[in-house]
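K.L.:
Take a look at coords-v1.txt, compact mmCIF, C-alpha atoms (C1' of nucleotides):
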# COMPACT_ATOMS: atom_id res chain seq x y z
CA MET A 20 -133.72 141.40 -15.28
CA PRO A 21 -136.40 144.01 -14.63
CA SER A 22 -135.76 145.68 -11.31
CA ALA A 23 -138.67 145.69 -8.92
CA PRO A 24 -139.46 148.54 -6.56
CA PRO A 25 -137.26 148.34 -3.47
CA VAL A 26 -138.69 146.51 -0.49
CA THR A 27 -139.63 149.07 2.11
CA ASP A 28 -142.16 147.16 4.19
CA LEU A 29 -139.92 144.91 6.23
CA ALA A 30 -142.73 143.78 8.50
CA GLY A 31 -144.86 142.89 5.52
CA LEU A 32 -142.06 140.94 3.91
CA ALA A 33 -141.41 139.20 7.21
CA SER A 34 -145.07 138.17 7.45
CA HIS A 35 -145.23 136.92 3.91
CA LEU A 36 -141.91 135.15 4.09
CA ARG A 37 -142.81 133.41 7.31
CA LEU A 38 -146.08 132.10 5.93
CA SER A 39 -144.48 131.02 2.65
CA VAL A 40 -141.60 129.26 4.31
CA PHE A 41 -143.88 127.64 6.81
CA ARG A 42 -146.32 126.30 4.26
CA ALA A 43 -143.58 125.19 1.92
CA SER A 44 -141.98 123.29 4.75
CA ARG A 45 -145.21 121.54 5.60
CA THR A 46 -145.72 120.55 1.99
CA LEU A 47 -142.16 119.35 1.55
CA ARG A 48 -142.38 117.33 4.73
CA ARG A 49 -145.47 115.61 3.47
CA GLU A 50 -144.00 114.93 0.04
CA SER A 51 -140.68 113.73 1.35
CA GLN A 52 -139.85 110.48 -0.34
CA ALA A 53 -136.28 109.99 0.73
CA GLY A 54 -137.18 107.09 3.03
CA ILE A 55 -135.96 109.27 5.86
CA SER A 56 -137.64 112.19 7.53
CA PRO A 57 -136.61 115.75 6.71
CA THR A 58 -135.39 116.21 10.27
CA LEU A 59 -133.07 113.24 10.05
CA LEU A 60 -132.01 114.17 6.55
CA ALA A 61 -131.12 117.70 7.59
CA ALA A 62 -129.04 116.37 10.46
CA LEU A 63 -127.38 113.78 8.26
CA SER A 64 -126.44 116.37 5.70
CA THR A 65 -125.01 118.63 8.38
CA ILE A 66 -122.89 115.83 9.73
CA GLU A 67 -121.70 115.03 6.24
CA ARG A 68 -120.84 118.60 5.43
CA HIS A 69 -119.09 119.45 8.68
CA GLY A 70 -117.24 116.23 9.15
CA PRO A 71 -117.03 114.34 12.46
CA MET A 72 -118.69 116.38 15.14
CA LYS A 73 -119.92 116.20 18.71
CA ALA A 74 -123.59 116.05 19.62
CA GLY A 75 -123.42 119.59 20.92
CA ASP A 76 -121.99 120.82 17.63
CA LEU A 77 -124.89 119.26 15.81
CA ALA A 78 -127.34 120.94 18.15
CA ALA A 79 -125.72 124.29 17.40
CA HIS A 80 -125.75 123.76 13.65
CA GLU A 81 -129.31 122.49 13.52
CA GLN A 82 -130.43 125.06 16.07
CA VAL A 83 -132.10 122.45 18.15
CA ARG A 84 -131.89 121.59 21.84
CA LYS A 85 -129.80 118.83 23.24
CA PRO A 86 -132.60 116.39 23.98
CA THR A 87 -133.66 116.68 20.37
CA VAL A 88 -130.16 115.84 19.20
CA THR A 89 -130.07 112.83 21.48
CA ARG A 90 -133.12 111.44 19.76
CA ILE A 91 -132.03 112.37 16.25
CA LEU A 92 -128.70 110.66 16.74
CA GLY A 93 -130.43 107.68 18.28
CA SER A 94 -132.51 107.27 15.14
CA LEU A 95 -129.60 107.81 12.76
CA VAL A 96 -127.44 105.33 14.62
CA ALA A 97 -130.29 102.83 14.75
CA GLU A 98 -130.65 103.16 10.98
CA GLY A 99 -126.95 102.54 10.58
CA LEU A 100 -126.42 105.89 8.88
CA VAL A 101 -124.18 107.39 11.53
CA GLU A 102 -121.67 105.98 14.00
CA ARG A 103 -120.33 107.25 17.30
CA THR A 104 -116.68 107.14 18.30
CA PRO A 105 -115.89 107.84 21.94
CA ASP A 106 -113.44 110.64 22.52
CA PRO A 107 -110.45 109.12 24.33
CA ALA A 108 -109.58 112.42 26.00
CA ASP A 109 -113.04 113.37 27.23
CA ARG A 110 -115.28 110.51 28.11
CA ARG A 111 -118.41 112.60 28.17
CA VAL A 112 -118.12 113.05 24.43
CA SER A 113 -118.57 110.97 21.31
CA TRP A 114 -117.80 112.01 17.78
CA VAL A 115 -120.39 111.20 15.17
CA GLN A 116 -119.81 110.68 11.49
CA LEU A 117 -121.52 109.12 8.53
CA THR A 118 -121.22 105.41 7.89
CA PRO A 119 -120.81 104.21 4.29
CA ALA A 120 -124.56 103.58 4.30
CA GLY A 121 -125.11 107.17 5.37
CA ARG A 122 -122.93 108.46 2.58
CA MET A 123 -124.72 106.29 0.05
CA LEU A 124 -128.08 107.53 1.22
CA MET A 125 -126.98 111.12 0.83
CA ARG A 126 -125.75 110.38 -2.68
CA ASN A 127 -129.07 108.83 -3.61
CA VAL A 128 -131.07 111.60 -2.06
CA ARG A 129 -129.17 114.21 -3.99
CA ARG A 130 -129.44 112.31 -7.21
CA ARG A 131 -133.00 111.11 -7.13
CA SER A 132 -135.04 111.77 -4.05
CA ASP A 133 -136.06 115.31 -4.59
CA ARG A 134 -138.33 114.30 -7.40
CA TYR A 135 -141.35 116.12 -6.10
CA LEU A 136 -139.64 119.43 -5.64
CA ALA A 137 -137.35 119.12 -8.66
CA GLN A 138 -140.35 118.36 -10.84
CA ARG A 139 -142.13 121.45 -9.68
CA LEU A 140 -139.02 123.53 -10.10
CA ARG A 141 -138.84 122.35 -13.68
CA ARG A 142 -141.81 124.55 -14.49
CA LEU A 143 -140.06 127.73 -13.45
CA ASP A 144 -138.09 129.94 -15.79
CA LEU A 145 -134.40 130.60 -15.33
CA ASP A 146 -134.97 133.88 -13.54
CA ASP A 147 -137.15 132.27 -10.94
CA LEU A 148 -134.68 129.46 -10.45
CA ALA A 149 -131.86 131.93 -9.97
CA THR A 150 -133.98 133.82 -7.46
CA LEU A 151 -134.73 130.67 -5.46
CA ASP A 152 -131.10 129.69 -5.60
CA ARG A 153 -130.00 132.96 -4.10
CA ALA A 154 -132.90 133.03 -1.68
CA ALA A 155 -131.86 129.68 -0.23
CA GLY A 156 -128.46 131.08 0.63
CA ILE A 157 -129.92 134.27 2.04
CA LEU A 158 -132.38 132.30 4.14
CA ASP A 159 -129.50 130.31 5.57
CA ARG A 160 -127.79 133.50 6.59
CA VAL A 161 -130.95 135.07 7.97
CA THR A 162 -131.77 132.16 10.24
CA GLU A 163 -128.16 131.53 11.16
CA PRO A 164 -127.63 130.96 14.88
CA ALA A 165 -124.85 133.30 16.03
CA SER A 166 -124.69 136.84 14.70
CA MET B 24 -127.74 143.51 -10.37
CA PRO B 25 -124.92 141.14 -11.32
CA SER B 26 -126.36 138.15 -13.11
CA ALA B 27 -125.35 134.80 -11.68
CA PRO B 28 -124.68 131.74 -13.81
CA PRO B 29 -127.95 130.02 -14.74
CA VAL B 30 -129.13 127.27 -12.45
CA THR B 31 -128.59 123.96 -14.19
CA ASP B 32 -128.55 121.56 -11.28
CA LEU B 33 -132.23 121.27 -10.46
CA ALA B 34 -131.72 118.38 -8.07
CA GLY B 35 -129.03 120.27 -6.24
CA LEU B 36 -131.18 123.34 -5.95
CA ALA B 37 -134.05 121.20 -4.76
CA SER B 38 -131.88 119.68 -2.04
CA HIS B 39 -130.54 122.98 -0.88
CA LEU B 40 -133.90 124.68 -1.01
CA ARG B 41 -135.58 121.95 0.94
CA LEU B 42 -132.99 122.06 3.70
CA SER B 43 -133.03 125.85 3.86
CA VAL B 44 -136.78 126.09 3.95
CA PHE B 45 -137.01 123.35 6.49
CA ARG B 46 -134.47 124.84 8.86
CA ALA B 47 -135.87 128.32 8.46
CA SER B 48 -139.31 127.02 9.31
CA ARG B 49 -138.05 125.33 12.44
CA THR B 50 -136.30 128.48 13.54
CA LEU B 51 -139.28 130.68 12.82
CA ARG B 52 -141.54 128.32 14.71
CA ARG B 53 -139.33 128.52 17.74
CA GLU B 54 -138.95 132.29 17.57
CA SER B 55 -142.62 132.91 16.97
CA GLN B 56 -143.77 135.48 19.48
CA ALA B 57 -147.22 136.16 18.19
CA GLY B 58 -148.81 134.40 21.13
CA ILE B 59 -150.23 131.96 18.66
CA SER B 60 -148.57 129.06 16.89
CA PRO B 61 -147.48 129.40 13.25
CA THR B 62 -150.01 126.78 12.24
CA LEU B 63 -152.87 128.72 13.74
CA LEU B 64 -151.52 132.00 12.45
CA ALA B 65 -151.26 130.67 8.91
CA ALA B 66 -154.83 129.43 9.08
CA LEU B 67 -156.04 132.69 10.56
CA SER B 68 -154.39 134.71 7.84
CA THR B 69 -155.89 132.48 5.17
CA ILE B 70 -159.34 132.96 6.62
CA GLU B 71 -158.79 136.69 6.76
CA ARG B 72 -157.55 136.90 3.20
CA HIS B 73 -160.19 134.68 1.62
CA GLY B 74 -163.14 135.89 3.58
CA PRO B 75 -165.77 133.61 5.12
CA MET B 76 -165.05 130.05 4.13
CA LYS B 77 -166.00 126.49 4.86
CA ALA B 78 -163.75 124.07 6.76
CA GLY B 79 -163.10 122.19 3.55
CA ASP B 80 -161.99 125.35 1.79
CA LEU B 81 -159.51 126.00 4.54
CA ALA B 82 -158.15 122.48 4.22
CA ALA B 83 -157.63 123.05 0.52
CA HIS B 84 -155.90 126.39 0.98
CA GLU B 85 -153.67 125.20 3.78
CA GLN B 86 -153.03 121.88 2.06
CA VAL B 87 -153.92 119.98 5.15
CA ARG B 88 -156.35 117.13 5.82
CA LYS B 89 -159.78 117.61 7.20
CA PRO B 90 -159.10 116.28 10.69
CA THR B 91 -156.27 118.76 10.98
CA VAL B 92 -158.64 121.56 10.06
CA THR B 93 -161.11 120.38 12.65
CA ARG B 94 -158.49 120.80 15.33
CA ILE B 95 -157.15 124.09 14.02
CA LEU B 96 -160.64 125.57 13.93
CA GLY B 97 -161.33 124.18 17.36
CA SER B 98 -158.33 126.06 18.72
CA LEU B 99 -159.11 129.28 16.87
CA VAL B 100 -162.71 129.24 18.02
CA ALA B 101 -161.65 128.45 21.58
CA GLU B 102 -159.31 131.46 21.46
CA GLY B 103 -162.16 133.59 20.23
CA LEU B 104 -160.32 134.50 17.04
CA VAL B 105 -162.75 132.86 14.66
CA GLU B 106 -166.47 132.21 14.70
CA ARG B 107 -168.67 129.67 12.94
CA THR B 108 -171.96 130.47 11.30
CA PRO B 109 -174.15 127.49 10.32
CA ASP B 110 -175.13 127.40 6.67
CA PRO B 111 -178.94 127.53 6.59
CA ALA B 112 -179.10 125.67 3.28
CA ASP B 113 -176.70 122.84 4.09
CA ARG B 114 -176.66 121.81 7.69
CA ARG B 115 -173.45 119.85 7.35
CA VAL B 116 -171.58 123.08 6.81
CA SER B 117 -170.51 126.09 8.82
CA TRP B 118 -168.85 129.24 7.53
CA VAL B 119 -165.90 130.51 9.47
CA GLN B 120 -164.67 134.07 9.68
CA LEU B 121 -162.52 136.24 11.87
CA THR B 122 -163.95 137.80 14.99
CA PRO B 123 -162.95 141.36 15.86
CA ALA B 124 -160.38 139.83 18.22
CA GLY B 125 -159.03 137.79 15.31
CA ARG B 126 -158.70 140.87 13.16
CA MET B 127 -156.98 142.75 15.91
CA LEU B 128 -154.53 139.93 16.43
CA MET B 129 -153.68 139.93 12.74
CA ARG B 130 -153.15 143.67 12.82
CA ASN B 131 -150.82 143.37 15.76
CA VAL B 132 -148.95 140.50 14.24
CA ARG B 133 -148.37 142.47 11.09
CA ARG B 134 -147.33 145.53 12.95
CA ARG B 135 -145.20 144.12 15.72
CA SER B 136 -144.95 140.43 16.01
CA ASP B 137 -142.49 139.65 13.32
CA ARG B 138 -139.79 141.37 15.29
CA TYR B 139 -137.41 138.48 15.22
CA LEU B 140 -137.52 137.98 11.48
CA ALA B 141 -137.84 141.66 10.63
CA GLN B 142 -134.83 142.42 12.78
CA ARG B 143 -132.77 139.89 10.97
CA LEU B 144 -134.01 141.10 7.63
CA ARG B 145 -132.86 144.57 8.58
CA ARG B 146 -129.27 143.43 8.14
CA LEU B 147 -129.75 142.54 4.50
CA ASP B 148 -129.13 144.86 1.62
CA LEU B 149 -131.86 145.90 -0.79
CA ASP B 150 -130.89 143.29 -3.35
CA ASP B 151 -131.24 140.48 -0.87
CA LEU B 152 -134.56 141.81 0.34
CA ALA B 153 -135.87 142.01 -3.20
CA THR B 154 -134.69 138.45 -3.79
CA LEU B 155 -136.48 137.16 -0.70
CA ASP B 156 -139.58 139.09 -1.63
CA ARG B 157 -139.74 137.48 -5.04
CA ALA B 158 -138.72 134.10 -3.66
CA ALA B 159 -141.67 134.10 -1.25
CA GLY B 160 -144.05 134.48 -4.17
CA ILE B 161 -142.28 131.84 -6.21
CA LEU B 162 -142.33 129.44 -3.27
CA ASP B 163 -146.05 129.95 -2.97
CA ARG B 164 -146.48 129.00 -6.60
CA VAL B 165 -144.12 126.05 -6.40
CA THR B 166 -145.89 124.46 -3.48
CA GLU B 167 -149.33 125.37 -4.73
CA PRO B 168 -151.86 122.53 -4.49
CA ALA B 169 -153.43 122.10 -7.91
CA SER B 170 -151.24 121.72 -11.02
C1' DG C 4 -186.95 105.56 -0.44
C1' DA C 5 -182.47 102.88 -0.97
C1' DC C 6 -177.76 104.10 -1.87
C1' DA C 7 -173.86 106.65 -3.02
C1' DT C 8 -171.62 111.09 -2.02
C1' DT C 9 -170.07 114.79 0.72
C1' DA C 10 -168.79 117.52 5.13
C1' DG C 11 -167.01 117.20 9.18
C1' DT C 12 -165.73 114.79 13.63
C1' DT C 13 -163.59 111.37 16.72
C1' DA C 14 -159.96 108.26 17.98
C1' DG C 15 -155.48 106.83 17.95
C1' DC C 16 -150.72 106.96 16.10
C1' DG C 17 -146.15 108.78 15.06
C1' DA C 18 -142.85 112.43 14.39
C1' DT C 19 -140.76 116.73 16.42
C1' DG C 20 -139.41 119.83 19.55
C1' DT C 21 -139.19 121.58 24.41
C1' DG C 22 -137.82 122.38 29.57
C1' DA C 23 -136.57 120.32 33.94
C1' DA C 24 -134.04 117.27 36.32
C1' DC C 25 -130.45 113.92 36.42
C1' DT C 26 -125.74 111.40 35.62
C1' DA C 27 -121.16 111.40 34.48
C1' DT C 28 -117.14 113.69 33.61
C1' DC C 29 -114.00 117.43 33.61
C1' DC C 30 -111.81 121.58 35.41
C1' DT C 31 -110.25 124.99 38.95
C1' DG C 32 -108.65 127.17 42.98
C1' DA C 33 -107.75 127.26 47.88
C1' DT D 11 -106.10 117.14 46.76
C1' DC D 12 -110.43 117.53 46.72
C1' DA D 13 -114.83 120.47 46.97
C1' DG D 14 -117.66 122.63 44.09
C1' DG D 15 -118.89 124.56 39.77
C1' DA D 16 -119.10 123.90 34.69
C1' DT D 17 -120.05 121.06 30.78
C1' DA D 18 -121.94 117.03 27.77
C1' DG D 19 -125.50 114.15 27.22
C1' DT D 20 -129.49 111.52 28.65
C1' DT D 21 -134.10 110.55 30.50
C1' DC D 22 -138.73 111.94 31.33
C1' DA D 23 -142.95 114.04 30.72
C1' DC D 24 -145.34 117.23 27.93
C1' DA D 25 -147.30 119.94 23.90
C1' DT D 26 -147.97 120.58 18.92
C1' DC D 27 -148.97 119.04 14.48
C1' DG D 28 -150.20 116.17 10.82
C1' DC D 29 -151.93 111.75 9.28
C1' DT D 30 -155.23 107.52 8.35
C1' DA D 31 -159.25 104.92 9.45
C1' DA D 32 -163.62 104.77 10.86
C1' DC D 33 -167.61 107.11 12.07
C1' DT D 34 -172.04 110.39 12.01
C1' DA D 35 -174.99 113.37 9.77
C1' DA D 36 -176.81 115.52 5.93
C1' DT D 37 -177.49 115.85 0.97
C1' DG D 38 -178.42 114.38 -3.62
C1' DT D 39 -179.89 110.83 -7.16
C1' DC D 40 -182.05 107.08 -9.68
Have the structure of the file written as structure tokens, please.
P.N.:
Amino acid sequence: MPSAPPVTDLAGLASHLRLSVFRASRTLRRESQAGISPTLLAALSTIERHGPMKAGDLAAHEQVRKPTVTRILGSLVAEGLVERTPDPADRRVSWVQLTPAGRMLMRNVRRRSDRYLAQRLRRLDLDDLATLDRAAGILDRVTEPAS
Amino acid sequence: MPSAPPVTDLAGLASHLRLSVFRASRTLRRESQAGISPTLLAALSTIERHGPMKAGDLAAHEQVRKPTVTRILGSLVAEGLVERTPDPADRRVSWVQLTPAGRMLMRNVRRRSDRYLAQRLRRLDLDDLATLDRAAGILDRVTEPAS
DNA sequence: GACATTAGTTAGCGATGTGAACTATCCTGA
DNA sequence: TCAGGATAGTTCACATCGCTAACTAATGTC
């Protein structure tokens, strides 16, 4: 892999990265064909990955405020993708987890729904794919909540 | 640079990438401190980079529909960041370009406003920065309109 | 000069995210 | 024990952003 000159212009990279991420997100939102919005899908996948969790936990993971979580969970529950179980010890709290329908949707999404993006990725060479793969992980760390 | 195993699971990468980009975008939108929303900033930077352009051109570049452009331009003009010049040959059209205030805002944004992201980038090592730098360009290509 | 095409706007909708204020519940210390 | 603060979630009202459908105005074409 040819090594590029080191990145010295952090502000420039920040500008470029912000615009790229922002535009990519807008495009992906428009092309989403999962039958579920990216917001809901992101929440669903978080709940799947981190097991049963409280609404507040979801807010922390998604980096979203509590009222937003209330609505997201409302939609997911209404769609039958997630279910709430009251906490017997603390009656302010419910635990949310995926229903079988939620798990099935996630399976399908992973297998088939990213057609648009996967198709476009298919045009890239292996280097570029490896770069995007690593970048996704780095992005996660960069925009991580605590730190 | 240690070479990772080649990416074979396109669908998996697509899923991960979509979630990462989407969450990063949400975070960046919230942390935006430019005094102007990311949508407007993206449009402004496009107009700056591509010189005077018509509303339709902006729609194409931003990959957004015409009514959206109408509103974006309305806001930018109202903020005094962009000005319209009627096309003498085709009276349906105006050309938009940055005002001095618009240019100054872009300068400031580049110099100072990406504090949040730049600060977080500062924690990464050079490899990660180089990866993000290349990833931004690749993302641009992947979500490019035509093709 | 009728008719299709093109550029942009208006109107109205839906999805997302927010802060402020509220309810219900839990915890703590005098 | 119980008053008062802390915590979990909800409701409400608001702003942003993007879309489609339908419209106006101007241009081009046969």
K.L.:
Near Ser113 (chain A), within 10 Å and counting only C-alpha atoms (C1' of nucleotides), which residues show up once chain neighbours fewer than 3 positions away are dropped, as a PyMOL selection string?
P.N.:
(chain A and resi 71-75+102-107+109-110+116) or (chain D and resi 18-19)
K.L.:
Out of C:DG32, C:DT19, C:DT12, C:DC25, which residue has the shortest atom-to-atom distance to chain A when counting all atoms listed in the file?
P.N.:
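The closest residue to chain A is C:DT19.
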K.L.:
Once chain B has been least-squares superposed onto chain A, matching all their Cα atoms in order, can you return it as a JSON list (two decimals) with C-alpha atoms, in the frame of the given file?
P.N.:
[["chain", "number", "residue", "atom", "x", "y", "z"],
["B", 24, "MET", "CA", -133.79, 141.31, -15.33],
["B", 25, "PRO", "CA", -136.49, 143.91, -14.70],
["B", 26, "SER", "CA", -135.85, 145.60, -11.40],
["B", 27, "ALA", "CA", -138.78, 145.60, -9.01],
["B", 28, "PRO", "CA", -139.59, 148.49, -6.71],
["B", 29, "PRO", "CA", -137.43, 148.35, -3.57],
["B", 30, "VAL", "CA", -138.86, 146.53, -0.60],
["B", 31, "THR", "CA", -139.88, 149.09, 1.98],
["B", 32, "ASP", "CA", -142.38, 147.16, 4.04],
["B", 33, "LEU", "CA", -140.13, 144.97, 6.14],
["B", 34, "ALA", "CA", -142.95, 143.80, 8.38],
["B", 35, "GLY", "CA", -145.04, 142.87, 5.40],
["B", 36, "LEU", "CA", -142.21, 140.96, 3.83],
["B", 37, "ALA", "CA", -141.57, 139.24, 7.12],
["B", 38, "SER", "CA", -145.20, 138.15, 7.34],
["B", 39, "HIS", "CA", -145.33, 136.89, 3.82],
["B", 40, "LEU", "CA", -141.98, 135.17, 4.04],
["B", 41, "ARG", "CA", -142.86, 133.43, 7.25],
["B", 42, "LEU", "CA", -146.11, 132.09, 5.85],
["B", 43, "SER", "CA", -144.50, 131.00, 2.60],
["B", 44, "VAL", "CA", -141.60, 129.28, 4.28],
["B", 45, "PHE", "CA", -143.87, 127.64, 6.76],
["B", 46, "ARG", "CA", -146.29, 126.28, 4.20],
["B", 47, "ALA", "CA", -143.51, 125.18, 1.90],
["B", 48, "SER", "CA", -141.90, 123.31, 4.75],
["B", 49, "ARG", "CA", -145.12, 121.52, 5.58],
["B", 50, "THR", "CA", -145.59, 120.52, 1.98],
["B", 51, "LEU", "CA", -142.02, 119.36, 1.58],
["B", 52, "ARG", "CA", -142.28, 117.34, 4.76],
["B", 53, "ARG", "CA", -145.33, 115.57, 3.47],
["B", 54, "GLU", "CA", -143.88, 114.95, 0.02],
["B", 55, "SER", "CA", -140.55, 113.78, 1.34],
["B", 56, "GLN", "CA", -139.77, 110.47, -0.30],
["B", 57, "ALA", "CA", -136.24, 109.98, 0.85],
["B", 58, "GLY", "CA", -137.25, 107.18, 3.17],
["B", 59, "ILE", "CA", -136.05, 109.34, 5.99],
["B", 60, "SER", "CA", -137.71, 112.29, 7.66],
["B", 61, "PRO", "CA", -136.61, 115.85, 6.81],
["B", 62, "THR", "CA", -135.36, 116.31, 10.35],
["B", 63, "LEU", "CA", -133.08, 113.32, 10.12],
["B", 64, "LEU", "CA", -132.03, 114.21, 6.60],
["B", 65, "ALA", "CA", -131.08, 117.73, 7.62],
["B", 66, "ALA", "CA", -129.02, 116.39, 10.49],
["B", 67, "LEU", "CA", -127.39, 113.78, 8.28],
["B", 68, "SER", "CA", -126.42, 116.36, 5.71],
["B", 69, "THR", "CA", -124.97, 118.61, 8.39],
["B", 70, "ILE", "CA", -122.86, 115.77, 9.71],
["B", 71, "GLU", "CA", -121.71, 114.96, 6.21],
["B", 72, "ARG", "CA", -120.82, 118.54, 5.40],
["B", 73, "HIS", "CA", -119.03, 119.36, 8.65],
["B", 74, "GLY", "CA", -117.23, 116.11, 9.09],
["B", 75, "PRO", "CA", -117.00, 114.21, 12.39],
["B", 76, "MET", "CA", -118.62, 116.26, 15.10],
["B", 77, "LYS", "CA", -119.83, 116.10, 18.65],
["B", 78, "ALA", "CA", -123.51, 115.98, 19.61],
["B", 79, "GLY", "CA", -123.27, 119.52, 20.91],
["B", 80, "ASP", "CA", -121.86, 120.74, 17.62],
["B", 81, "LEU", "CA", -124.78, 119.23, 15.81],
["B", 82, "ALA", "CA", -127.20, 120.94, 18.16],
["B", 83, "ALA", "CA", -125.54, 124.25, 17.41],
["B", 84, "HIS", "CA", -125.60, 123.76, 13.65],
["B", 85, "GLU", "CA", -129.17, 122.54, 13.56],
["B", 86, "GLN", "CA", -130.27, 125.13, 16.10],
["B", 87, "VAL", "CA", -131.94, 122.53, 18.19],
["B", 88, "ARG", "CA", -131.69, 121.62, 21.88],
["B", 89, "LYS", "CA", -129.56, 118.85, 23.19],
["B", 90, "PRO", "CA", -132.36, 116.42, 24.00],
["B", 91, "THR", "CA", -133.55, 116.75, 20.43],
["B", 92, "VAL", "CA", -130.08, 115.86, 19.21],
["B", 93, "THR", "CA", -130.00, 112.85, 21.47],
["B", 94, "ARG", "CA", -133.10, 111.51, 19.79],
["B", 95, "ILE", "CA", -132.02, 112.41, 16.27],
["B", 96, "LEU", "CA", -128.70, 110.66, 16.75],
["B", 97, "GLY", "CA", -130.46, 107.71, 18.30],
["B", 98, "SER", "CA", -132.56, 107.33, 15.17],
["B", 99, "LEU", "CA", -129.65, 107.82, 12.78],
["B", 100, "VAL", "CA", -127.51, 105.31, 14.63],
["B", 101, "ALA", "CA", -130.40, 102.84, 14.78],
["B", 102, "GLU", "CA", -130.78, 103.19, 11.00],
["B", 103, "GLY", "CA", -127.09, 102.54, 10.59],
["B", 104, "LEU", "CA", -126.53, 105.88, 8.88],
["B", 105, "VAL", "CA", -124.25, 107.34, 11.52],
["B", 106, "GLU", "CA", -121.75, 105.90, 13.95],
["B", 107, "ARG", "CA", -120.35, 107.13, 17.26],
["B", 108, "THR", "CA", -116.72, 106.99, 18.22],
["B", 109, "PRO", "CA", -115.90, 107.65, 21.90],
["B", 110, "ASP", "CA", -113.42, 110.45, 22.47],
["B", 111, "PRO", "CA", -110.45, 108.88, 24.28],
["B", 112, "ALA", "CA", -109.53, 112.17, 25.96],
["B", 113, "ASP", "CA", -112.98, 113.16, 27.20],
["B", 114, "ARG", "CA", -115.22, 110.29, 28.07],
["B", 115, "ARG", "CA", -118.34, 112.42, 28.14],
["B", 116, "VAL", "CA", -118.07, 112.88, 24.41],
["B", 117, "SER", "CA", -118.53, 110.84, 21.27],
["B", 118, "TRP", "CA", -117.77, 111.89, 17.72],
["B", 119, "VAL", "CA", -120.38, 111.12, 15.13],
["B", 120, "GLN", "CA", -119.85, 110.58, 11.44],
["B", 121, "LEU", "CA", -121.58, 109.04, 8.48],
["B", 122, "THR", "CA", -121.34, 105.33, 7.86],
["B", 123, "PRO", "CA", -120.95, 104.12, 4.28],
["B", 124, "ALA", "CA", -124.71, 103.51, 4.31],
["B", 125, "GLY", "CA", -125.21, 107.12, 5.39],
["B", 126, "ARG", "CA", -123.06, 108.38, 2.56],
["B", 127, "MET", "CA", -124.87, 106.24, 0.07],
["B", 128, "LEU", "CA", -128.21, 107.51, 1.27],
["B", 129, "MET", "CA", -127.05, 111.09, 0.84],
["B", 130, "ARG", "CA", -125.85, 110.33, -2.66],
["B", 131, "ASN", "CA", -129.17, 108.81, -3.57],
["B", 132, "VAL", "CA", -131.10, 111.63, -2.03],
["B", 133, "ARG", "CA", -129.14, 114.14, -4.03],
["B", 134, "ARG", "CA", -129.48, 112.20, -7.19],
["B", 135, "ARG", "CA", -133.06, 111.03, -7.05],
["B", 136, "SER", "CA", -135.01, 111.79, -3.99],
["B", 137, "ASP", "CA", -135.90, 115.36, -4.55],
["B", 138, "ARG", "CA", -138.14, 114.36, -7.40],
["B", 139, "TYR", "CA", -141.17, 116.13, -6.10],
["B", 140, "LEU", "CA", -139.49, 119.47, -5.62],
["B", 141, "ALA", "CA", -137.21, 119.18, -8.63],
["B", 142, "GLN", "CA", -140.20, 118.38, -10.81],
["B", 143, "ARG", "CA", -141.98, 121.45, -9.66],
["B", 144, "LEU", "CA", -138.89, 123.54, -10.08],
["B", 145, "ARG", "CA", -138.69, 122.35, -13.66],
["B", 146, "ARG", "CA", -141.69, 124.52, -14.48],
["B", 147, "LEU", "CA", -139.94, 127.72, -13.47],
["B", 148, "ASP", "CA", -137.99, 129.92, -15.79],
["B", 149, "LEU", "CA", -134.30, 130.62, -15.32],
["B", 150, "ASP", "CA", -134.93, 133.91, -13.55],
["B", 151, "ASP", "CA", -137.11, 132.28, -10.95],
["B", 152, "LEU", "CA", -134.61, 129.50, -10.42],
["B", 153, "ALA", "CA", -131.81, 131.99, -9.94],
["B", 154, "THR", "CA", -133.97, 133.88, -7.46],
["B", 155, "LEU", "CA", -134.70, 130.75, -5.44],
["B", 156, "ASP", "CA", -131.06, 129.78, -5.54],
["B", 157, "ARG", "CA", -129.98, 133.09, -4.07],
["B", 158, "ALA", "CA", -132.91, 133.14, -1.67],
["B", 159, "ALA", "CA", -131.86, 129.80, -0.18],
["B", 160, "GLY", "CA", -128.47, 131.25, 0.69],
["B", 161, "ILE", "CA", -129.98, 134.43, 2.08],
["B", 162, "LEU", "CA", -132.43, 132.43, 4.18],
["B", 163, "ASP", "CA", -129.54, 130.48, 5.61],
["B", 164, "ARG", "CA", -127.87, 133.70, 6.65],
["B", 165, "VAL", "CA", -131.04, 135.24, 8.01],
["B", 166, "THR", "CA", -131.83, 132.34, 10.27],
["B", 167, "GLU", "CA", -128.22, 131.76, 11.22],
["B", 168, "PRO", "CA", -127.68, 131.18, 14.95],
["B", 169, "ALA", "CA", -125.02, 133.61, 16.11],
["B", 170, "SER", "CA", -125.32, 137.35, 15.33]]
K.L.:
Output as JSON lines one row per residue of chain A within 10 Å of chain C: the closest atom pair and its distance in Å to one decimal place, counting only C-alpha atoms (C1' of nucleotides), sorted by chain and residue number ascending.
P.N.:
{"residue": "A:Ser56", "atom": "CA", "partner": "C:DA18", "partner_atom": "C1'", "distance": 8.6}
{"residue": "A:Thr58", "atom": "CA", "partner": "C:DT19", "partner_atom": "C1'", "distance": 8.2}
{"residue": "A:Val83", "atom": "CA", "partner": "C:DG20", "partner_atom": "C1'", "distance": 7.9}
{"residue": "A:Arg84", "atom": "CA", "partner": "C:DT21", "partner_atom": "C1'", "distance": 7.7}
{"residue": "A:Lys85", "atom": "CA", "partner": "C:DT21", "partner_atom": "C1'", "distance": 9.9}
{"residue": "A:Pro86", "atom": "CA", "partner": "C:DT21", "partner_atom": "C1'", "distance": 8.4}
{"residue": "A:Thr87", "atom": "CA", "partner": "C:DG20", "partner_atom": "C1'", "distance": 6.6}
{"residue": "A:Arg90", "atom": "CA", "partner": "C:DT19", "partner_atom": "C1'", "distance": 9.9}
{"residue": "A:Ile91", "atom": "CA", "partner": "C:DT19", "partner_atom": "C1'", "distance": 9.8}
{"residue": "A:Asp109", "atom": "CA", "partner": "C:DT28", "partner_atom": "C1'", "distance": 7.6}
{"residue": "A:Arg110", "atom": "CA", "partner": "C:DT28", "partner_atom": "C1'", "distance": 6.6}
{"residue": "A:Arg111", "atom": "CA", "partner": "C:DT28", "partner_atom": "C1'", "distance": 5.7}
{"residue": "A:Val112", "atom": "CA", "partner": "C:DT28", "partner_atom": "C1'", "distance": 9.3}
